[in-house]
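Take a look at the structure below.
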Protein chains: 4
Amino acid sequence: MSSLPGRDAAAAAGLPEDPQALAELTARVMYENDAASKALGARIESVGPGASAMTMTVRPDMLNGHKTCHGGFIFALADSTFAFACNARNAVTVASGASIDFLAPAYEGDVLTATACESALAGRTGLYDVEVVNQEGKRIALFRGRSYRIKGQVVGA
Amino acid sequence: MSSLPGRDAAAAAGLPEDPQALAELTARVMYENDAASKALGARIESVGPGASAMTMTVRPDMLNGHKTCHGGFIFALADSTFAFACNARNAVTVASGASIDFLAPAYEGDVLTATACESALAGRTGLYDVEVVNQEGKRIALFRGRSYRIKGQVVGA
Amino acid sequence: MSSLPGRDAAAAAGLPEDPQALAELTARVMYENDAASKALGARIESVGPGASAMTMTVRPDMLNGHKTCHGGFIFALADSTFAFACNARNAVTVASGASIDFLAPAYEGDVLTATACESALAGRTGLYDVEVVNQEGKRIALFRGRSYRIKGQVVGA
Amino acid sequence: MSSLPGRDAAAAAGLPEDPQALAELTARVMYENDAASKALGARIESVGPGASAMTMTVRPDMLNGHKTCHGGFIFALADSTFAFACNARNAVTVASGASIDFLAPAYEGDVLTATACESALAGRTGLYDVEVVNQEGKRIALFRGRSYRIKGQVVGA
């Protein structure tokens with residue numbers, strides 16, 4: 001953890017030293033500025049250091065020609081959840097790439113929940129796994145994102 | 001090509017036998033029913049058997065907290081382009097998964113062009129590569145999608 | 001499970017009906033014929049329906065120019081482990097693809113353990129996650145493999 | 001190119017300034033120390049800045065229980081080819097991850113050729129695409145590797 005600037009920087013900036021409190025503050029500020037997550041109707045259910053969960057309801061304008069949720073919107077939910085997880089230590093972190101496997105279709109009105117956990121973190125790079133399930137707990141997709149920490153802080157930069 | 005039902009089925013249904021004409025008809029019908037691609041503002045620039053190109057302008061509601069285009073929307077454009085390419089022979093085909101590498105950020109107002117080509121096709125499964133560039137030709141992302149052909153036709157089913 | 005031929009076929013062929021016993025028999029027969037896994041020095045530690053664990057010691061002839069274990073051999077161990085997991089129901093299953101993330105280097109003499117679990121299985125396709133750790137439990141790599149069931153049985157075909 | 005230390009460092013160390021000559025020298029030195037590539041019987045056919053091609057013959061000890069080449073050995077060939085391509089500017093570069101899609105089986109005696117090209121390079125990270133074909137030019141696999149440049153030079157460090 002010593003390579004992560006989050007905690008020291010937080011203290012210096014008068015930010016919370018508690019990792020959980022910092023994660024919550026970071027998420028609040030990020031979400032406020034995240035027009036895309038809001039446009040998706042994605043909401044943060046929980047956040048912590050390296051973790052987060054979000055929900056999104058599949059709308060009519062998210063359906064493809066097969067009348068199932070367009071994969072891009074399932075990816076987008078997973079990607080947002082990944083972003084909140086990997087930025088939760090307040091160090092600005094971007095996605096360098098991701099892969100997704102679609103396991104079952106999602107339909108209009110389905111409420112999707114994405115849960116992200118940190119599978120690896122070393123130096124500037126991290127690996128996050130996100131599971132997307134529907135309202136019945138059925139797995140819709142598995143996503144694996146790769147993060148890259150750049151300069152700067154989300155809050156108090 | 002003998003394993004692909006497109007041509008024979010097309011003939012039987014009174015659809016165009018010419019692969020290019022069939023691809024164009026299929027795309028037109030698919031797009032008509034594809035609320036998601038329309039909501040993204042994605043437009044088909046060209047389509048052919050196993051290939052397609054689409055454009056999308058990055059809107060304010062596609063920006064994340066870093067003020068760059070949310071990766072989910074770049075993925076969505078690539079995924080739509082992939083879908084039009086892999087359904088272009090009129091056999092219903094879905095995505096089983098995909099990976100994306102983000103090479104450079106896209107900004108508000110950027111006009112992104114995604115170009116999909118068929119890298120492999122055998123039996124029911126295919127592999128498609130999509131390149132996303134901005135209006136200056138700069139590479140924004142590389143996407144590789146895996147397709148799975150299911151029962152049915154897009155047009156004349 | 002009803003779509004899987006393993007159990008009925010096993011009974012018909014006089015094979016064990018117990019899934020665990022069938023997995024062990026399948027693994028024994030597969031390994032016997034698997035020159036590559038033997039050449040790698042990979043050994044099966046455990047196997048069950050959709051799961052397996054294998055170990056391999058990093059030999060001098062597995063080192064690249066950086067004096068760390070060549071990624072191909074780490075991948076090969078994970079890939080073998082994946083193969084034993086996805087064939088454990090005695091239905092012949094092949095890999096259609098995989099991705100791997102290298103988290104830490106492995107060195108000569110390290111004893112690597114790969115553990116595979118089934119993350120999804122639907123129809124002919126499955127998704128398996130494999131974790132590779134060294135003798136200290138340090139994560140060396142995460143691997144995700146995609147399987148495709150073809151015709152035939154491993155044992156009693 | 002200005003962010004790459006290769007050329008200046010080469011000059012300072014009395015190494016060739018010509019990128020092609022430097023790539024060839026780097027490859028020669030790397031291969032000399034690469035026990036794994038030698039054990040695979042992989043040979044360099046060509047190398048250049050960001051590119052390389054290698055061949056490998058499928059041996060009996062590379063076959064799995066299906067009597068086809070174990071995916072790990074196909075991956076290993078692609079991974080070696082990727083390594084020679086991404087180290088060809090003499091800056092030490094390692095793989096952070098890769099994905100592979102298996103398109104057709106390879107059999108004993110097949111001569112596989114892997115060809116790597118640089119699809120992206122920015123800062124410390126790069127993306128390389130490798131195609132593996134057999135002696136008839138049939139595509140066996142597509143591999144995409146992600147590289148990360150660390151400290152040091154391959155030659156003249």
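FYI, nothing fancy with the structure tokens labels: chains A, B, ... in order, residues from 1 per chain, ligands from 1 as they appear.
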
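Residue-level contact on chain C: within 10 Å of chain B, counting only C-alpha atoms, the set is Ser96, Gly97, Ser99, Thr125 and Arg146 of chain C.
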
Among chain B, which residues does DSSP mark as strand (DSSP E) when it is run on the backbone? Keep the chain and numbering as in the structure and answer as a VMD selection string. chain B and resid 43 to 48 51 to 57 91 to 102 111 to 122 125 to 133 139 to 153

Would you mind listing what lies within 8 Å of B:Ile150 as a VMD selection string, with only C-alpha atoms counted and same-chain residues fewer than 4 positions away left out? chain B and resid 91 to 94 124

Name all residues at most 9 Å from D:Ala88 (count only C-alpha atoms; drop same-chain ones fewer than 6 positions away) and give them as a PDB file with all heavy atoms, in the first residue's frame.
```
ATOM      1  N   GLY D   6      15.610   4.066 -26.762  1.00  0.00           N
ATOM      2  CA  GLY D   6      16.439   3.181 -27.574  1.00  0.00           C
ATOM      3  C   GLY D   6      17.568   3.867 -28.312  1.00  0.00           C
ATOM      4  O   GLY D   6      18.743   3.531 -28.142  1.00  0.00           O
ATOM      5  N   PRO D  19      17.737   1.697 -36.540  1.00  0.00           N
ATOM      6  CA  PRO D  19      16.730   0.908 -35.815  1.00  0.00           C
ATOM      7  C   PRO D  19      16.711  -0.570 -36.228  1.00  0.00           C
ATOM      8  O   PRO D  19      16.549  -1.453 -35.388  1.00  0.00           O
ATOM      9  CB  PRO D  19      15.412   1.600 -36.161  1.00  0.00           C
ATOM     10  CG  PRO D  19      15.787   3.002 -36.507  1.00  0.00           C
ATOM     11  CD  PRO D  19      17.146   2.913 -37.145  1.00  0.00           C
ATOM     12  N   GLN D  20      16.870  -0.823 -37.510  1.00  0.00           N
ATOM     13  CA  GLN D  20      16.841  -2.207 -37.969  1.00  0.00           C
ATOM     14  C   GLN D  20      18.055  -2.982 -37.438  1.00  0.00           C
ATOM     15  O   GLN D  20      17.938  -4.115 -36.969  1.00  0.00           O
ATOM     16  CB  GLN D  20      16.797  -2.245 -39.504  1.00  0.00           C
ATOM     17  CG  GLN D  20      16.821  -3.634 -40.127  1.00  0.00           C
ATOM     18  CD  GLN D  20      15.643  -4.502 -39.693  1.00  0.00           C
ATOM     19  OE1 GLN D  20      14.554  -3.999 -39.450  1.00  0.00           O
ATOM     20  NE2 GLN D  20      15.876  -5.800 -39.543  1.00  0.00           N
ATOM     21  N   LEU D  22      19.763  -2.257 -34.785  1.00  0.00           N
ATOM     22  CA  LEU D  22      19.599  -2.396 -33.335  1.00  0.00           C
ATOM     23  C   LEU D  22      18.623  -3.521 -33.012  1.00  0.00           C
ATOM     24  O   LEU D  22      18.840  -4.311 -32.091  1.00  0.00           O
ATOM     25  CB  LEU D  22      19.112  -1.071 -32.730  1.00  0.00           C
ATOM     26  CG  LEU D  22      18.976  -1.051 -31.204  1.00  0.00           C
ATOM     27  CD1 LEU D  22      20.311  -1.306 -30.510  1.00  0.00           C
ATOM     28  CD2 LEU D  22      18.379   0.279 -30.729  1.00  0.00           C
ATOM     29  N   ALA D  23      17.543  -3.617 -33.783  1.00  0.00           N
ATOM     30  CA  ALA D  23      16.567  -4.690 -33.567  1.00  0.00           C
ATOM     31  C   ALA D  23      17.222  -6.058 -33.754  1.00  0.00           C
ATOM     32  O   ALA D  23      17.002  -6.993 -32.966  1.00  0.00           O
ATOM     33  CB  ALA D  23      15.385  -4.537 -34.529  1.00  0.00           C
ATOM     34  N   GLU D  24      18.048  -6.164 -34.770  1.00  0.00           N
ATOM     35  CA  GLU D  24      18.689  -7.452 -35.032  1.00  0.00           C
ATOM     36  C   GLU D  24      19.696  -7.810 -33.946  1.00  0.00           C
ATOM     37  O   GLU D  24      19.767  -8.962 -33.502  1.00  0.00           O
ATOM     38  CB  GLU D  24      19.340  -7.434 -36.420  1.00  0.00           C
ATOM     39  CG  GLU D  24      18.281  -7.400 -37.529  1.00  0.00           C
ATOM     40  CD  GLU D  24      18.869  -7.290 -38.934  1.00  0.00           C
ATOM     41  OE1 GLU D  24      20.108  -7.464 -39.083  1.00  0.00           O
ATOM     42  OE2 GLU D  24      18.096  -7.024 -39.873  1.00  0.00           O
ATOM     43  N   LEU D  25      20.458  -6.824 -33.489  1.00  0.00           N
ATOM     44  CA  LEU D  25      21.418  -7.086 -32.414  1.00  0.00           C
ATOM     45  C   LEU D  25      20.678  -7.471 -31.126  1.00  0.00           C
ATOM     46  O   LEU D  25      21.045  -8.431 -30.442  1.00  0.00           O
ATOM     47  CB  LEU D  25      22.272  -5.833 -32.183  1.00  0.00           C
ATOM     48  CG  LEU D  25      23.218  -5.920 -30.976  1.00  0.00           C
ATOM     49  CD1 LEU D  25      24.250  -7.033 -31.166  1.00  0.00           C
ATOM     50  CD2 LEU D  25      23.928  -4.573 -30.759  1.00  0.00           C
ATOM     51  N   THR D  26      19.628  -6.714 -30.814  1.00  0.00           N
ATOM     52  CA  THR D  26      18.850  -6.993 -29.605  1.00  0.00           C
ATOM     53  C   THR D  26      18.290  -8.414 -29.641  1.00  0.00           C
ATOM     54  O   THR D  26      18.366  -9.155 -28.655  1.00  0.00           O
ATOM     55  CB  THR D  26      17.700  -5.965 -29.482  1.00  0.00           C
ATOM     56  OG1 THR D  26      18.262  -4.655 -29.417  1.00  0.00           O
ATOM     57  CG2 THR D  26      16.879  -6.220 -28.231  1.00  0.00           C
ATOM     58  N   ALA D  27      17.727  -8.775 -30.773  1.00  0.00           N
ATOM     59  CA  ALA D  27      17.129 -10.104 -30.906  1.00  0.00           C
ATOM     60  C   ALA D  27      18.184 -11.196 -30.728  1.00  0.00           C
ATOM     61  O   ALA D  27      17.945 -12.217 -30.073  1.00  0.00           O
ATOM     62  CB  ALA D  27      16.443 -10.243 -32.262  1.00  0.00           C
ATOM     63  N   VAL D  47      13.173  -9.841 -37.742  1.00  0.00           N
ATOM     64  CA  VAL D  47      12.894  -8.928 -36.640  1.00  0.00           C
ATOM     65  C   VAL D  47      13.129  -7.512 -37.146  1.00  0.00           C
ATOM     66  O   VAL D  47      13.926  -7.296 -38.078  1.00  0.00           O
ATOM     67  CB  VAL D  47      13.791  -9.258 -35.414  1.00  0.00           C
ATOM     68  CG1 VAL D  47      15.255  -8.948 -35.710  1.00  0.00           C
ATOM     69  CG2 VAL D  47      13.324  -8.519 -34.175  1.00  0.00           C
ATOM     70  N   GLY D  48      12.396  -6.562 -36.585  1.00  0.00           N
ATOM     71  CA  GLY D  48      12.568  -5.155 -36.930  1.00  0.00           C
ATOM     72  C   GLY D  48      12.001  -4.341 -35.777  1.00  0.00           C
ATOM     73  O   GLY D  48      11.514  -4.924 -34.799  1.00  0.00           O
ATOM     74  N   PRO D  49      12.029  -3.034 -35.860  1.00  0.00           N
ATOM     75  CA  PRO D  49      11.480  -2.224 -34.762  1.00  0.00           C
ATOM     76  C   PRO D  49       9.983  -2.496 -34.596  1.00  0.00           C
ATOM     77  O   PRO D  49       9.206  -2.161 -35.491  1.00  0.00           O
ATOM     78  CB  PRO D  49      11.733  -0.786 -35.214  1.00  0.00           C
ATOM     79  CG  PRO D  49      12.749  -0.877 -36.314  1.00  0.00           C
ATOM     80  CD  PRO D  49      12.566  -2.218 -36.953  1.00  0.00           C
ATOM     81  N   GLY D  50       9.594  -3.139 -33.505  1.00  0.00           N
ATOM     82  CA  GLY D  50       8.185  -3.421 -33.246  1.00  0.00           C
ATOM     83  C   GLY D  50       7.621  -4.598 -34.002  1.00  0.00           C
ATOM     84  O   GLY D  50       6.414  -4.839 -33.975  1.00  0.00           O
ATOM     85  N   ALA D  51       8.470  -5.388 -34.611  1.00  0.00           N
ATOM     86  CA  ALA D  51       7.972  -6.509 -35.422  1.00  0.00           C
ATOM     87  C   ALA D  51       8.901  -7.707 -35.314  1.00  0.00           C
ATOM     88  O   ALA D  51      10.099  -7.555 -35.053  1.00  0.00           O
ATOM     89  CB  ALA D  51       7.859  -6.093 -36.878  1.00  0.00           C
ATOM     90  N   SER D  52       8.332  -8.887 -35.493  1.00  0.00           N
ATOM     91  CA  SER D  52       9.180 -10.077 -35.595  1.00  0.00           C
ATOM     92  C   SER D  52       8.363 -11.234 -36.126  1.00  0.00           C
ATOM     93  O   SER D  52       7.133 -11.211 -36.125  1.00  0.00           O
ATOM     94  CB  SER D  52       9.803 -10.446 -34.249  1.00  0.00           C
ATOM     95  OG  SER D  52       8.896 -11.138 -33.442  1.00  0.00           O
ATOM     96  N   VAL D 154      18.166  -4.105 -23.140  1.00  0.00           N
ATOM     97  CA  VAL D 154      18.483  -5.508 -23.400  1.00  0.00           C
ATOM     98  C   VAL D 154      19.992  -5.663 -23.647  1.00  0.00           C
ATOM     99  O   VAL D 154      20.640  -6.522 -23.062  1.00  0.00           O
ATOM    100  CB  VAL D 154      17.682  -6.023 -24.618  1.00  0.00           C
ATOM    101  CG1 VAL D 154      18.032  -7.475 -24.901  1.00  0.00           C
ATOM    102  CG2 VAL D 154      16.188  -5.849 -24.393  1.00  0.00           C
TER     103      VAL D 154
END
```

Might you pull out every residue within 10 Å of A:Leu142, with only C-alpha atoms counted and same-chain residues fewer than 2 positions away left off, and present them as a PDB file with N, CA, C and O atoms, in the first residue's frame?
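The result, stored in part22.pdb:
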```
ATOM      1  N   ILE A  74     -24.472  -2.947 -21.124  1.00  0.00           N
ATOM      2  CA  ILE A  74     -24.042  -3.848 -20.040  1.00  0.00           C
ATOM      3  C   ILE A  74     -22.565  -3.571 -19.730  1.00  0.00           C
ATOM      4  O   ILE A  74     -22.165  -3.457 -18.568  1.00  0.00           O
ATOM      5  N   PHE A  75     -21.774  -3.417 -20.797  1.00  0.00           N
ATOM      6  CA  PHE A  75     -20.362  -3.068 -20.611  1.00  0.00           C
ATOM      7  C   PHE A  75     -20.238  -1.737 -19.875  1.00  0.00           C
ATOM      8  O   PHE A  75     -19.410  -1.592 -18.970  1.00  0.00           O
ATOM      9  N   ALA A  78     -20.763  -2.055 -16.201  1.00  0.00           N
ATOM     10  CA  ALA A  78     -19.610  -2.714 -15.588  1.00  0.00           C
ATOM     11  C   ALA A  78     -18.411  -1.773 -15.535  1.00  0.00           C
ATOM     12  O   ALA A  78     -17.676  -1.715 -14.541  1.00  0.00           O
ATOM     13  N   SER A  99     -12.155  -6.829 -20.808  1.00  0.00           N
ATOM     14  CA  SER A  99     -12.813  -7.861 -21.601  1.00  0.00           C
ATOM     15  C   SER A  99     -14.122  -8.201 -20.912  1.00  0.00           C
ATOM     16  O   SER A  99     -14.271  -8.034 -19.697  1.00  0.00           O
ATOM     17  N   ILE A 100     -15.077  -8.652 -21.713  1.00  0.00           N
ATOM     18  CA  ILE A 100     -16.382  -8.992 -21.167  1.00  0.00           C
ATOM     19  C   ILE A 100     -16.872 -10.268 -21.831  1.00  0.00           C
ATOM     20  O   ILE A 100     -16.614 -10.498 -23.013  1.00  0.00           O
ATOM     21  N   ASP A 101     -17.514 -11.115 -21.047  1.00  0.00           N
ATOM     22  CA  ASP A 101     -18.171 -12.307 -21.575  1.00  0.00           C
ATOM     23  C   ASP A 101     -19.645 -12.182 -21.249  1.00  0.00           C
ATOM     24  O   ASP A 101     -20.017 -11.978 -20.090  1.00  0.00           O
ATOM     25  N   PHE A 102     -20.457 -12.321 -22.281  1.00  0.00           N
ATOM     26  CA  PHE A 102     -21.904 -12.207 -22.114  1.00  0.00           C
ATOM     27  C   PHE A 102     -22.466 -13.604 -21.869  1.00  0.00           C
ATOM     28  O   PHE A 102     -22.308 -14.496 -22.701  1.00  0.00           O
ATOM     29  N   LEU A 103     -23.116 -13.790 -20.730  1.00  0.00           N
ATOM     30  CA  LEU A 103     -23.561 -15.125 -20.328  1.00  0.00           C
ATOM     31  C   LEU A 103     -25.041 -15.359 -20.563  1.00  0.00           C
ATOM     32  O   LEU A 103     -25.461 -16.485 -20.813  1.00  0.00           O
ATOM     33  N   ALA A 114     -24.099  -4.541 -10.819  1.00  0.00           N
ATOM     34  CA  ALA A 114     -22.698  -4.855 -11.105  1.00  0.00           C
ATOM     35  C   ALA A 114     -21.896  -4.702  -9.822  1.00  0.00           C
ATOM     36  O   ALA A 114     -22.061  -3.722  -9.101  1.00  0.00           O
ATOM     37  N   THR A 115     -21.070  -5.691  -9.545  1.00  0.00           N
ATOM     38  CA  THR A 115     -20.254  -5.670  -8.332  1.00  0.00           C
ATOM     39  C   THR A 115     -18.796  -5.826  -8.725  1.00  0.00           C
ATOM     40  O   THR A 115     -18.441  -6.796  -9.399  1.00  0.00           O
ATOM     41  N   ASP A 129     -12.347  -7.311 -11.246  1.00  0.00           N
ATOM     42  CA  ASP A 129     -13.365  -8.213 -11.779  1.00  0.00           C
ATOM     43  C   ASP A 129     -14.738  -7.694 -11.413  1.00  0.00           C
ATOM     44  O   ASP A 129     -14.989  -7.331 -10.262  1.00  0.00           O
ATOM     45  N   VAL A 130     -15.599  -7.672 -12.413  1.00  0.00           N
ATOM     46  CA  VAL A 130     -16.962  -7.183 -12.208  1.00  0.00           C
ATOM     47  C   VAL A 130     -17.937  -8.261 -12.659  1.00  0.00           C
ATOM     48  O   VAL A 130     -17.799  -8.827 -13.755  1.00  0.00           O
ATOM     49  N   GLU A 131     -18.894  -8.547 -11.808  1.00  0.00           N
ATOM     50  CA  GLU A 131     -19.957  -9.503 -12.135  1.00  0.00           C
ATOM     51  C   GLU A 131     -21.247  -8.702 -12.293  1.00  0.00           C
ATOM     52  O   GLU A 131     -21.560  -7.867 -11.450  1.00  0.00           O
ATOM     53  N   VAL A 132     -21.973  -8.994 -13.354  1.00  0.00           N
ATOM     54  CA  VAL A 132     -23.268  -8.333 -13.573  1.00  0.00           C
ATOM     55  C   VAL A 132     -24.365  -9.387 -13.466  1.00  0.00           C
ATOM     56  O   VAL A 132     -24.324 -10.407 -14.170  1.00  0.00           O
ATOM     57  N   VAL A 133     -25.315  -9.145 -12.581  1.00  0.00           N
ATOM     58  CA  VAL A 133     -26.443 -10.078 -12.408  1.00  0.00           C
ATOM     59  C   VAL A 133     -27.749  -9.319 -12.617  1.00  0.00           C
ATOM     60  O   VAL A 133     -27.789  -8.091 -12.518  1.00  0.00           O
ATOM     61  N   ARG A 139     -26.551 -14.552 -13.569  1.00  0.00           N
ATOM     62  CA  ARG A 139     -25.371 -13.882 -14.107  1.00  0.00           C
ATOM     63  C   ARG A 139     -25.582 -13.491 -15.562  1.00  0.00           C
ATOM     64  O   ARG A 139     -25.855 -14.338 -16.418  1.00  0.00           O
ATOM     65  N   ILE A 140     -25.430 -12.224 -15.844  1.00  0.00           N
ATOM     66  CA  ILE A 140     -25.598 -11.680 -17.193  1.00  0.00           C
ATOM     67  C   ILE A 140     -24.239 -11.546 -17.887  1.00  0.00           C
ATOM     68  O   ILE A 140     -24.121 -11.809 -19.081  1.00  0.00           O
ATOM     69  N   ARG A 144     -13.665  -8.055 -16.919  1.00  0.00           N
ATOM     70  CA  ARG A 144     -12.368  -7.902 -16.245  1.00  0.00           C
ATOM     71  C   ARG A 144     -11.703  -6.654 -16.793  1.00  0.00           C
ATOM     72  O   ARG A 144     -11.445  -6.571 -17.998  1.00  0.00           O
TER      73      ARG A 144
ATOM     74  N   GLY B  97     -18.759 -12.392 -26.474  1.00  0.00           N
ATOM     75  CA  GLY B  97     -17.815 -11.651 -25.650  1.00  0.00           C
ATOM     76  C   GLY B  97     -16.974 -10.743 -26.495  1.00  0.00           C
ATOM     77  O   GLY B  97     -17.045 -10.763 -27.727  1.00  0.00           O
TER      78      GLY B  97
ATOM     79  N   SER C 119     -16.858 -20.789 -14.119  1.00  0.00           N
ATOM     80  CA  SER C 119     -17.582 -19.546 -13.853  1.00  0.00           C
ATOM     81  C   SER C 119     -18.907 -19.495 -14.586  1.00  0.00           C
ATOM     82  O   SER C 119     -19.806 -18.758 -14.188  1.00  0.00           O
ATOM     83  N   ALA C 120     -19.029 -20.239 -15.654  1.00  0.00           N
ATOM     84  CA  ALA C 120     -20.288 -20.277 -16.392  1.00  0.00           C
ATOM     85  C   ALA C 120     -20.299 -21.497 -17.289  1.00  0.00           C
ATOM     86  O   ALA C 120     -19.258 -21.944 -17.769  1.00  0.00           O
ATOM     87  N   LEU C 127     -17.103 -20.971 -19.344  1.00  0.00           N
ATOM     88  CA  LEU C 127     -16.102 -19.975 -18.978  1.00  0.00           C
ATOM     89  C   LEU C 127     -15.437 -20.468 -17.703  1.00  0.00           C
ATOM     90  O   LEU C 127     -16.123 -20.818 -16.740  1.00  0.00           O
TER      91      LEU C 127
END
```

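Take atom CA of D:Val58 and atom CA of B:Gly145: the distance between them is 28.5 Å.
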
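Those residues that approach B:Tyr107 to within 10 Å, counting only C-alpha atoms, are Thr57, Val58, Arg59, Pro60, Met62, Leu63, His66, Lys67, Thr68, Cys69, His70, Leu112 and Asn134 of chain B; same-chain residues fewer than 5 positions away are not listed.
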